[in-house]
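Note: the block below is my_file-v8.json and it holds JSON, C-alpha atoms.
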[["chain", "number", "residue", "atom", "x", "y", "z"],
["A", 23, "MET", "CA", 4.61, 24.92, 3.66],
["A", 24, "THR", "CA", 7.17, 27.69, 3.81],
["A", 25, "SER", "CA", 8.24, 29.46, 0.63],
["A", 26, "SER", "CA", 11.80, 28.17, 1.06],
["A", 27, "THR", "CA", 10.53, 24.59, 1.30],
["A", 28, "LEU", "CA", 8.44, 25.09, -1.81],
["A", 29, "GLU", "CA", 11.39, 26.56, -3.68],
["A", 30, "HIS", "CA", 13.49, 23.59, -2.62],
["A", 31, "SER", "CA", 10.81, 21.20, -3.88],
["A", 32, "GLN", "CA", 10.58, 22.99, -7.18],
["A", 33, "SER", "CA", 14.33, 23.00, -7.73],
["A", 34, "GLN", "CA", 14.49, 19.34, -6.69],
["A", 35, "PHE", "CA", 11.69, 18.56, -9.10],
["A", 36, "LEU", "CA", 13.38, 20.38, -11.97],
["A", 37, "SER", "CA", 16.75, 18.73, -11.33],
["A", 38, "GLU", "CA", 15.35, 15.22, -10.88],
["A", 39, "SER", "CA", 12.97, 15.31, -13.78],
["A", 40, "GLU", "CA", 15.89, 15.86, -16.19],
["A", 41, "SER", "CA", 13.99, 17.50, -18.98],
["A", 42, "TRP", "CA", 10.43, 18.16, -19.97],
["A", 43, "SER", "CA", 11.19, 16.54, -23.29],
["A", 44, "THR", "CA", 11.22, 13.20, -21.43],
["A", 45, "SER", "CA", 7.58, 12.21, -21.24],
["A", 46, "THR", "CA", 6.29, 9.85, -18.57],
["A", 47, "LEU", "CA", 3.36, 8.86, -20.77],
["A", 48, "PRO", "CA", 3.36, 5.99, -23.22],
["A", 49, "GLU", "CA", 4.00, 7.19, -26.76],
["A", 50, "SER", "CA", 0.50, 6.29, -27.91],
["A", 51, "ALA", "CA", -0.96, 8.51, -25.20],
["A", 52, "ARG", "CA", 0.93, 11.67, -26.01],
["A", 53, "LEU", "CA", -0.78, 14.61, -27.57],
["A", 54, "VAL", "CA", 0.77, 17.76, -28.85],
["A", 55, "ARG", "CA", -1.57, 20.36, -27.47],
["A", 56, "ASP", "CA", -0.10, 22.92, -25.12],
["A", 57, "SER", "CA", -2.65, 24.33, -22.72],
["A", 58, "SER", "CA", -3.14, 28.01, -22.14],
["A", 59, "ALA", "CA", -5.24, 27.58, -19.01],
["A", 60, "HIS", "CA", -4.53, 30.54, -16.74],
["A", 61, "TRP", "CA", -4.39, 28.44, -13.58],
["A", 62, "LEU", "CA", -1.70, 26.04, -14.77],
["A", 63, "SER", "CA", 1.27, 27.59, -12.98],
["A", 64, "GLU", "CA", -0.59, 27.62, -9.67],
["A", 65, "VAL", "CA", -1.68, 24.02, -9.99],
["A", 66, "VAL", "CA", 1.79, 22.92, -11.07],
["A", 67, "ALA", "CA", 3.21, 24.56, -7.94],
["A", 68, "GLU", "CA", 0.67, 22.66, -5.83],
["A", 69, "LEU", "CA", 1.63, 19.39, -7.47],
["A", 70, "VAL", "CA", 5.34, 20.00, -7.00],
["A", 71, "ALA", "CA", 4.73, 20.79, -3.34],
["A", 72, "PHE", "CA", 3.37, 17.24, -2.91],
["A", 73, "LEU", "CA", 6.96, 16.03, -3.33],
["A", 74, "SER", "CA", 7.77, 17.44, 0.10],
["A", 75, "LEU", "CA", 5.25, 15.20, 1.84],
["A", 76, "LYS", "CA", 6.90, 12.87, 4.32],
["A", 77, "PRO", "CA", 5.94, 9.25, 4.99],
["A", 78, "ASN", "CA", 2.70, 9.09, 7.01],
["A", 79, "TRP", "CA", 1.64, 12.53, 5.75],
["A", 80, "ASP", "CA", -2.02, 11.57, 6.21],
["A", 81, "SER", "CA", -1.52, 10.01, 9.68],
["A", 82, "TYR", "CA", -2.60, 6.67, 8.17],
["A", 83, "GLU", "CA", 0.79, 5.48, 6.91],
["A", 84, "ALA", "CA", 0.62, 7.13, 3.49],
["A", 85, "ILE", "CA", 3.76, 6.86, 1.39],
["A", 86, "PRO", "CA", 5.41, 9.90, -0.27],
["A", 87, "VAL", "CA", 4.20, 11.02, -3.68],
["A", 88, "ARG", "CA", 6.35, 9.73, -6.52],
["A", 89, "ILE", "CA", 7.92, 12.23, -8.87],
["A", 90, "GLU", "CA", 6.82, 10.36, -12.00],
["A", 91, "ASN", "CA", 3.20, 10.73, -10.95],
["A", 92, "VAL", "CA", 3.60, 14.48, -10.49],
["A", 93, "LYS", "CA", 5.17, 14.68, -13.94],
["A", 94, "THR", "CA", 2.31, 12.67, -15.43],
["A", 95, "ALA", "CA", -0.29, 14.90, -13.78],
["A", 96, "ILE", "CA", 1.39, 18.01, -15.16],
["A", 97, "GLU", "CA", 1.62, 16.46, -18.62],
["A", 98, "LEU", "CA", -2.05, 15.52, -18.57],
["A", 99, "LEU", "CA", -3.05, 19.03, -17.56],
["A", 100, "PHE", "CA", -0.96, 20.57, -20.32],
["A", 101, "ASN", "CA", -2.36, 18.12, -22.85],
["A", 102, "PHE", "CA", -6.02, 18.05, -21.96],
["A", 103, "SER", "CA", -6.94, 21.41, -20.52],
["A", 104, "ALA", "CA", -7.84, 24.46, -22.56],
["A", 105, "ALA", "CA", -8.09, 28.15, -21.76],
["A", 106, "SER", "CA", -11.76, 27.61, -20.91],
["A", 107, "THR", "CA", -11.16, 24.60, -18.65],
["A", 108, "PRO", "CA", -12.01, 25.40, -15.04],
["A", 109, "ARG", "CA", -9.34, 25.03, -12.39],
["A", 110, "PRO", "CA", -9.17, 21.52, -10.94],
["A", 111, "SER", "CA", -8.36, 20.46, -7.40],
["A", 112, "VAL", "CA", -5.28, 18.29, -7.03],
["A", 113, "VAL", "CA", -4.68, 15.98, -4.09],
["A", 114, "PRO", "CA", -2.05, 13.40, -3.18],
["A", 115, "THR", "CA", -3.07, 9.77, -2.71],
["A", 116, "ASN", "CA", -1.84, 7.47, 0.02],
["A", 117, "LEU", "CA", -0.09, 5.10, -2.39],
["A", 118, "GLY", "CA", 2.22, 7.77, -3.82],
["A", 119, "GLY", "CA", -0.11, 8.89, -6.56],
["A", 120, "VAL", "CA", -1.88, 12.07, -7.50],
["A", 121, "GLN", "CA", -5.55, 12.80, -8.14],
["A", 122, "ILE", "CA", -6.89, 15.58, -10.36],
["A", 123, "GLU", "CA", -10.55, 16.38, -9.84],
["A", 124, "TRP", "CA", -13.30, 18.69, -10.99],
["A", 125, "HIS", "CA", -16.68, 19.07, -9.33],
["A", 126, "GLN", "CA", -18.52, 21.69, -11.31],
["A", 127, "LYS", "CA", -21.05, 22.28, -14.08],
["A", 128, "ALA", "CA", -22.98, 19.28, -12.70],
["A", 129, "ILE", "CA", -20.03, 17.05, -13.55],
["A", 130, "ASP", "CA", -17.75, 15.11, -11.22],
["A", 131, "LEU", "CA", -14.51, 14.05, -12.90],
["A", 132, "GLU", "CA", -11.72, 12.38, -10.96],
["A", 133, "ILE", "CA", -8.45, 11.25, -12.54],
["A", 134, "GLU", "CA", -6.31, 9.12, -10.23],
["A", 135, "ILE", "CA", -2.73, 8.56, -11.34],
["A", 136, "HIS", "CA", -1.31, 5.43, -9.74],
["A", 137, "SER", "CA", 1.61, 5.41, -12.18],
["A", 138, "PRO", "CA", 2.22, 6.87, -15.65],
["A", 139, "VAL", "CA", 0.67, 3.72, -17.15],
["A", 140, "ALA", "CA", -2.09, 3.10, -14.60],
["A", 141, "ILE", "CA", -4.66, 5.87, -14.50],
["A", 142, "ASP", "CA", -8.21, 5.43, -13.21],
["A", 143, "VAL", "CA", -10.94, 7.82, -14.22],
["A", 144, "CYS", "CA", -14.34, 8.29, -12.65],
["A", 145, "PHE", "CA", -16.87, 10.47, -14.49],
["A", 146, "GLU", "CA", -20.38, 11.34, -13.35],
["A", 147, "ASP", "CA", -22.89, 13.59, -15.08],
["A", 148, "LEU", "CA", -25.12, 14.57, -12.18],
["A", 149, "GLU", "CA", -27.93, 15.92, -14.38],
["A", 150, "LYS", "CA", -28.11, 12.87, -16.63],
["A", 151, "GLY", "CA", -27.44, 10.39, -13.84],
["A", 152, "VAL", "CA", -24.63, 8.78, -15.81],
["A", 153, "GLU", "CA", -21.60, 7.37, -13.99],
["A", 154, "ARG", "CA", -18.67, 5.74, -15.74],
["A", 155, "GLU", "CA", -15.32, 4.41, -14.61],
["A", 156, "TYR", "CA", -12.33, 3.82, -16.88],
["A", 157, "GLU", "CA", -8.99, 2.12, -16.30],
["A", 158, "LEU", "CA", -6.59, 3.79, -18.70],
["A", 159, "ARG", "CA", -3.31, 2.14, -19.54],
["A", 160, "SER", "CA", -2.05, 3.50, -22.84],
["A", 161, "ASP", "CA", -4.83, 5.26, -24.71],
["A", 162, "LEU", "CA", -5.68, 8.41, -22.80],
["A", 163, "HIS", "CA", -7.73, 10.12, -25.49],
["A", 164, "ILE", "CA", -10.99, 9.58, -23.60],
["A", 165, "LEU", "CA", -9.67, 12.22, -21.21],
["A", 166, "GLU", "CA", -9.76, 14.81, -23.95],
["A", 167, "ASP", "CA", -13.49, 14.21, -24.41],
["A", 168, "LEU", "CA", -14.26, 14.19, -20.68],
["A", 169, "VAL", "CA", -12.27, 17.32, -19.86],
["A", 170, "SER", "CA", -13.79, 19.12, -22.86],
["A", 171, "LYS", "CA", -17.24, 18.63, -21.31],
["A", 172, "LEU", "CA", -16.06, 20.78, -18.43],
["A", 173, "SER", "CA", -14.69, 23.41, -20.78],
["A", 174, "GLN", "CA", -17.97, 23.94, -22.62],
["A", 175, "GLN", "CA", -20.56, 26.66, -21.91],
["B", 23, "MET", "CA", -8.40, -7.16, -1.44],
["B", 24, "ALA", "CA", -8.25, -5.93, 2.12],
["B", 25, "GLY", "CA", -10.94, -7.32, 4.34],
["B", 26, "SER", "CA", -11.67, -10.83, 3.10],
["B", 27, "GLU", "CA", -10.60, -12.27, 6.47],
["B", 28, "TYR", "CA", -12.99, -10.03, 8.43],
["B", 29, "VAL", "CA", -16.62, -10.58, 9.40],
["B", 30, "ASP", "CA", -19.00, -7.69, 9.90],
["B", 31, "ASP", "CA", -19.54, -7.20, 13.64],
["B", 32, "GLN", "CA", -23.32, -7.13, 14.07],
["B", 33, "SER", "CA", -22.92, -5.92, 17.66],
["B", 34, "ILE", "CA", -21.95, -2.58, 16.14],
["B", 35, "LEU", "CA", -25.26, -0.85, 15.62],
["B", 36, "ASP", "CA", -26.32, 0.79, 12.37],
["B", 37, "GLU", "CA", -26.68, 4.07, 14.27],
["B", 38, "GLU", "CA", -23.02, 4.04, 15.30],
["B", 39, "GLU", "CA", -20.93, 6.91, 14.00],
["B", 40, "LEU", "CA", -17.44, 6.30, 12.67],
["B", 41, "TRP", "CA", -14.90, 9.11, 12.84],
["B", 42, "ARG", "CA", -12.02, 9.51, 10.42],
["B", 43, "ARG", "CA", -9.28, 12.14, 10.36],
["B", 44, "VAL", "CA", -8.87, 14.23, 7.21],
["B", 45, "PRO", "CA", -5.56, 16.01, 6.58],
["B", 46, "PRO", "CA", -5.80, 19.52, 5.12],
["B", 47, "ARG", "CA", -4.53, 18.40, 1.71],
["B", 48, "LEU", "CA", -7.47, 16.03, 1.27],
["B", 49, "ILE", "CA", -10.17, 18.69, 1.53],
["B", 50, "ILE", "CA", -11.55, 20.05, -1.72],
["B", 51, "PHE", "CA", -14.25, 22.54, -2.68],
["B", 52, "ASP", "CA", -17.17, 20.87, -4.47],
["B", 53, "ASN", "CA", -18.74, 23.52, -6.69],
["B", 54, "ASN", "CA", -21.68, 21.23, -7.48],
["B", 55, "LEU", "CA", -22.58, 21.00, -3.81],
["B", 56, "GLY", "CA", -21.23, 24.41, -2.86],
["B", 57, "VAL", "CA", -19.32, 23.03, 0.10],
["B", 58, "TYR", "CA", -15.91, 21.94, 1.25],
["B", 59, "ARG", "CA", -15.75, 18.21, 1.68],
["B", 60, "PRO", "CA", -13.12, 15.47, 1.91],
["B", 61, "THR", "CA", -11.91, 14.11, -1.41],
["B", 62, "SER", "CA", -12.65, 10.49, -2.27],
["B", 63, "SER", "CA", -8.97, 9.74, -1.69],
["B", 64, "ALA", "CA", -9.50, 10.24, 2.04],
["B", 65, "PHE", "CA", -11.47, 6.97, 2.22],
["B", 66, "VAL", "CA", -8.99, 4.26, 1.37],
["B", 67, "ASP", "CA", -7.36, 1.23, 2.89],
["B", 68, "SER", "CA", -3.87, 1.55, 4.34],
["B", 69, "PRO", "CA", -0.86, 1.13, 2.05],
["B", 70, "ASP", "CA", 0.02, -2.11, 3.88],
["B", 71, "GLY", "CA", -3.33, -3.56, 2.81],
["B", 72, "SER", "CA", -5.08, -3.33, 6.15],
["B", 73, "PRO", "CA", -8.62, -1.92, 5.98],
["B", 74, "MET", "CA", -9.53, 1.73, 6.49],
["B", 75, "SER", "CA", -9.02, 2.96, 10.05],
["B", 76, "VAL", "CA", -11.79, 4.71, 11.96],
["B", 77, "VAL", "CA", -12.71, 5.52, 15.54],
["B", 78, "MET", "CA", -16.07, 4.41, 16.93],
["B", 79, "ALA", "CA", -17.72, 7.48, 18.42],
["B", 80, "SER", "CA", -19.67, 5.58, 21.08],
["B", 81, "GLU", "CA", -16.57, 3.70, 22.24],
["B", 82, "ALA", "CA", -14.65, 6.98, 22.51],
["B", 83, "GLU", "CA", -17.50, 8.49, 24.52],
["B", 84, "LYS", "CA", -17.52, 5.50, 26.88],
["B", 85, "LEU", "CA", -13.92, 6.41, 27.61],
["B", 86, "ASN", "CA", -15.04, 9.97, 28.39],
["B", 87, "ARG", "CA", -13.34, 11.27, 25.29],
["B", 88, "THR", "CA", -14.57, 13.96, 22.93],
["B", 89, "ALA", "CA", -14.01, 14.19, 19.20],
["B", 90, "ASP", "CA", -11.10, 16.58, 19.76],
["B", 91, "SER", "CA", -9.10, 13.78, 21.31],
["B", 92, "VAL", "CA", -8.86, 12.01, 17.95],
["B", 93, "LEU", "CA", -7.02, 15.00, 16.53],
["B", 94, "ILE", "CA", -4.45, 15.37, 19.29],
["B", 95, "GLY", "CA", -1.04, 15.55, 17.65],
["B", 96, "HIS", "CA", -2.57, 16.22, 14.24],
["B", 97, "GLU", "CA", -2.59, 19.98, 13.91],
["B", 98, "GLY", "CA", -4.73, 21.34, 11.09],
["B", 99, "TYR", "CA", -6.60, 18.08, 10.61],
["B", 100, "SER", "CA", -10.36, 17.84, 10.43],
["B", 101, "LEU", "CA", -12.67, 15.04, 11.55],
["B", 102, "VAL", "CA", -15.63, 13.58, 9.68],
["B", 103, "SER", "CA", -18.34, 11.14, 10.66],
["B", 104, "ILE", "CA", -19.99, 8.36, 8.66],
["B", 105, "LYS", "CA", -22.91, 6.23, 9.83],
["B", 106, "VAL", "CA", -22.40, 2.48, 9.99],
["B", 107, "SER", "CA", -25.73, 1.94, 8.21],
["B", 108, "PHE", "CA", -24.37, 3.85, 5.21],
["B", 109, "VAL", "CA", -21.11, 1.93, 5.27],
["B", 110, "ARG", "CA", -23.05, -1.34, 5.22],
["B", 111, "SER", "CA", -25.24, -0.13, 2.36],
["B", 112, "LEU", "CA", -22.05, 0.01, 0.30],
["B", 113, "ASN", "CA", -21.33, -3.68, 1.03],
["B", 114, "LEU", "CA", -18.59, -2.78, 3.48],
["B", 115, "GLY", "CA", -18.27, -4.16, 7.00],
["B", 116, "VAL", "CA", -17.03, -2.88, 10.35],
["B", 117, "VAL", "CA", -14.99, -4.69, 12.97],
["B", 118, "ARG", "CA", -13.57, -3.57, 16.31],
["B", 119, "ASN", "CA", -9.80, -3.30, 16.35],
["B", 120, "PRO", "CA", -8.63, -1.70, 19.61],
["B", 121, "LEU", "CA", -5.04, -0.50, 19.59],
["B", 122, "PRO", "CA", -2.78, 0.30, 22.55],
["B", 123, "ASN", "CA", -3.00, 4.01, 21.77],
["B", 124, "GLU", "CA", -6.59, 3.98, 20.48],
["B", 125, "GLN", "CA", -9.01, 1.74, 22.33],
["B", 126, "ALA", "CA", -11.95, 2.90, 20.18],
["B", 127, "HIS", "CA", -10.21, 1.94, 16.92],
["B", 128, "ALA", "CA", -12.15, -0.01, 14.29],
["B", 129, "LEU", "CA", -11.68, -1.08, 10.68],
["B", 130, "VAL", "CA", -13.95, -0.63, 7.69],
["B", 131, "PHE", "CA", -13.29, -3.54, 5.38],
["B", 132, "GLY", "CA", -14.43, -4.50, 1.89],
["B", 133, "ASN", "CA", -13.91, -3.41, -1.68],
["B", 134, "LYS", "CA", -13.57, 0.36, -1.90],
["B", 135, "THR", "CA", -13.97, 1.05, -5.57],
["B", 136, "LYS", "CA", -13.66, 4.64, -6.73],
["B", 137, "SER", "CA", -17.43, 4.85, -6.77],
["B", 138, "VAL", "CA", -17.60, 3.66, -3.15],
["B", 139, "GLN", "CA", -14.89, 6.12, -2.10],
["B", 140, "ARG", "CA", -16.84, 8.94, -3.73],
["B", 141, "LYS", "CA", -20.04, 7.97, -1.94],
["B", 142, "LEU", "CA", -18.23, 7.90, 1.39],
["B", 143, "ALA", "CA", -16.71, 11.31, 0.70],
["B", 144, "LYS", "CA", -20.06, 12.87, -0.20],
["B", 145, "SER", "CA", -21.86, 11.38, 2.78],
["B", 146, "ALA", "CA", -19.24, 12.39, 5.35],
["B", 147, "ILE", "CA", -20.41, 14.92, 7.91],
["B", 148, "TRP", "CA", -18.00, 17.37, 9.50],
["B", 149, "VAL", "CA", -17.48, 16.81, 13.20],
["B", 150, "ILE", "CA", -14.55, 19.19, 13.39],
["B", 151, "HIS", "CA", -13.77, 21.27, 10.34],
["B", 152, "TYR", "CA", -10.49, 23.08, 10.51],
["B", 153, "GLN", "CA", -11.18, 26.02, 8.24],
["B", 154, "ASP", "CA", -8.16, 27.57, 6.66],
["B", 155, "GLN", "CA", -9.40, 27.89, 3.13],
["B", 156, "THR", "CA", -11.33, 30.24, 0.93],
["B", 157, "PRO", "CA", -13.38, 29.01, -2.02],
["B", 158, "PRO", "CA", -11.34, 28.90, -5.26]]
Take the structure in this file and express it as structure tokens.
Amino acid sequence: MTSSTLEHSQSQFLSESESWSTSTLPESARLVRDSSAHWLSEVVAELVAFLSLKPNWDSYEAIPVRIENVKTAIELLFNFSAASTPRPSVVPTNLGGVQIEWHQKAIDLEIEIHSPVAIDVCFEDLEKGVEREYELRSDLHILEDLVSKLSQQ
Amino acid sequence: MAGSEYVDDQSILDEEELWRRVPPRLIIFDNNLGVYRPTSSAFVDSPDGSPMSVVMASEAEKLNRTADSVLIGHEGYSLVSIKVSFVRSLNLGVVRNPLPNEQAHALVFGNKTKSVQRKLAKSAIWVIHYQDQTPP
């Protein structure tokens, strides 16, 4: 992506998302923490760039990423990551969603945002052999616990 | 769920390799494994509900095609391979589905839970890996 395209996406994102005071998350899911993770601005830029993806961006008929899902991903990262949280990978999904994922410290954690109120989480502790899947709809506090496991040590 | 109308084609051998394109945005670095690999989101059904598209390697070879041919027109994409035996071990099935522009086309049908997608992603072997990344 060219820098001008990215700038356009960012300005489009900022104009369309009205204000950061308008949360995409259900009220019961909102936290008040404000992350100080050093990688946040880079990851936010990556997420915003997803908004430039055209239909069929994966060559398998994927639909464009929806702005509300980008907003939700950014909100989740601000809410649940700490200064010690490692940098996640972020990828678009073919149904217009966004996935945030960590694969480190013997933990696999994938958070797939289908919509602001439909978030699937897959957690695996590779050392303990524990795998869990969660379908989150309004209470997202389990994410705080799962992400904190990555931030330890 | 995509695939209920399909029946696993037993004429497709367990040893068959299935190729799937991976766009650059769906490649992540797995620190646990120490490698780049496709994300789980690369192994999904189509948005219209039809099952996951693949190309049968042996069918492509019968047509005197190489793996590169699957990436024509898809600059920057990579190609991965998954064995049919592994696909079947995940309770998925495979059926031929030749298309006018892709005679070796096939479909992988069945319920692709997140766990199944992750297993597919971790088992995928690079056939062509377009490398334009450095580890984070």
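Counting from atom CA of A:Val65, the distance to atom CA of A:Glu123 is 11.7 Å.
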| request: Find, counting only C-alpha atoms, the residue in A:Asp130, A:Glu64, A:Glu90, A:Glu97 that gets nearest to chain B. | output: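 Result for the nearest residue to chain B: A:Asp130.
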Near chain B, 10 Å: chain A residue rows, closest pairs, only C-alpha atoms, as CSV:
residue,atom,partner,partner_atom,distance
A:Phe72,CA,B:Arg47,CA,9.2
A:Trp79,CA,B:Pro45,CA,8.0
A:Asp80,CA,B:Pro45,CA,5.7
A:Ser81,CA,B:His96,CA,7.8
A:Tyr82,CA,B:Ser68,CA,6.5
A:Glu83,CA,B:Ser68,CA,6.6
A:Ala84,CA,B:Pro69,CA,6.3
A:Ile85,CA,B:Pro69,CA,7.4
A:Arg109,CA,B:Pro158,CA,8.4
A:Pro110,CA,B:Pro158,CA,9.6
A:Ser111,CA,B:Ile50,CA,6.5
A:Val112,CA,B:Ile50,CA,8.4
A:Val113,CA,B:Leu48,CA,6.0
A:Pro114,CA,B:Arg47,CA,7.4
A:Thr115,CA,B:Ser63,CA,6.0
A:Asn116,CA,B:Pro69,CA,6.7
A:Leu117,CA,B:Pro69,CA,6.0
A:Gly118,CA,B:Pro69,CA,9.4
A:Val120,CA,B:Ser63,CA,9.5
A:Gln121,CA,B:Ser63,CA,7.9
A:Glu123,CA,B:Thr61,CA,8.8
A:Trp124,CA,B:Asp52,CA,7.9
A:His125,CA,B:Asp52,CA,5.2
A:Gln126,CA,B:Asn53,CA,5.0
A:Lys127,CA,B:Asn54,CA,6.7
A:Ala128,CA,B:Asn54,CA,5.7
A:Ile129,CA,B:Asn54,CA,7.6
A:Asp130,CA,B:Asn54,CA,8.2
A:Glu132,CA,B:Ser62,CA,8.9
A:Glu134,CA,B:Ser63,CA,9.0
A:Asp142,CA,B:Lys136,CA,8.5
A:Val143,CA,B:Lys136,CA,8.6
A:Cys144,CA,B:Lys136,CA,7.0
A:Phe145,CA,B:Ser137,CA,9.6
A:Glu146,CA,B:Ser137,CA,9.7
A:Leu148,CA,B:Asn54,CA,8.8
A:Glu153,CA,B:Ser137,CA,8.7
A:Arg154,CA,B:Ser137,CA,9.1
A:Glu155,CA,B:Lys136,CA,8.1
| Interatomic distance, atom CA of B:Lys105 to atom CA of B:Glu38 (Å, one decimal) | 5.9 Å
| said: Using only C-alpha atoms, which protein or nucleic acid residues come within 6 Å of stretch 114-129 of chain B? Drop anything in the same chain fewer than 4 positions from it, and give the result as a ChimeraX atom specification. | reply: /B:30-31,73-78,81-82,109-110
Show me that you can extract stretch 160-175 of chain A, keeping C-alpha atoms, and write it as a short mmCIF file (atom, residue, chain, number, x, y, z; two decimals), in the first residue's frame.
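Output contents, as saved in result.cif:
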data_model
loop_
_atom_site.label_atom_id
_atom_site.label_comp_id
_atom_site.auth_asym_id
_atom_site.auth_seq_id
_atom_site.Cartn_x
_atom_site.Cartn_y
_atom_site.Cartn_z
CA SER A 160 -21.42 -8.91 25.83
CA ASP A 161 -19.06 -9.83 28.64
CA LEU A 162 -15.54 -9.49 27.33
CA HIS A 163 -13.73 -9.61 30.67
CA ILE A 164 -12.33 -13.08 29.98
CA LEU A 165 -10.09 -11.33 27.45
CA GLU A 166 -8.41 -9.38 30.20
CA ASP A 167 -7.37 -12.63 31.88
CA LEU A 168 -6.22 -14.28 28.65
CA VAL A 169 -4.22 -11.31 27.39
CA SER A 170 -2.64 -10.86 30.83
CA LYS A 171 -1.17 -14.38 30.54
CA LEU A 172 0.80 -13.11 27.56
CA SER A 173 1.94 -10.05 29.45
CA GLN A 174 3.47 -11.99 32.34
CA GLN A 175 7.13 -12.97 32.73
#
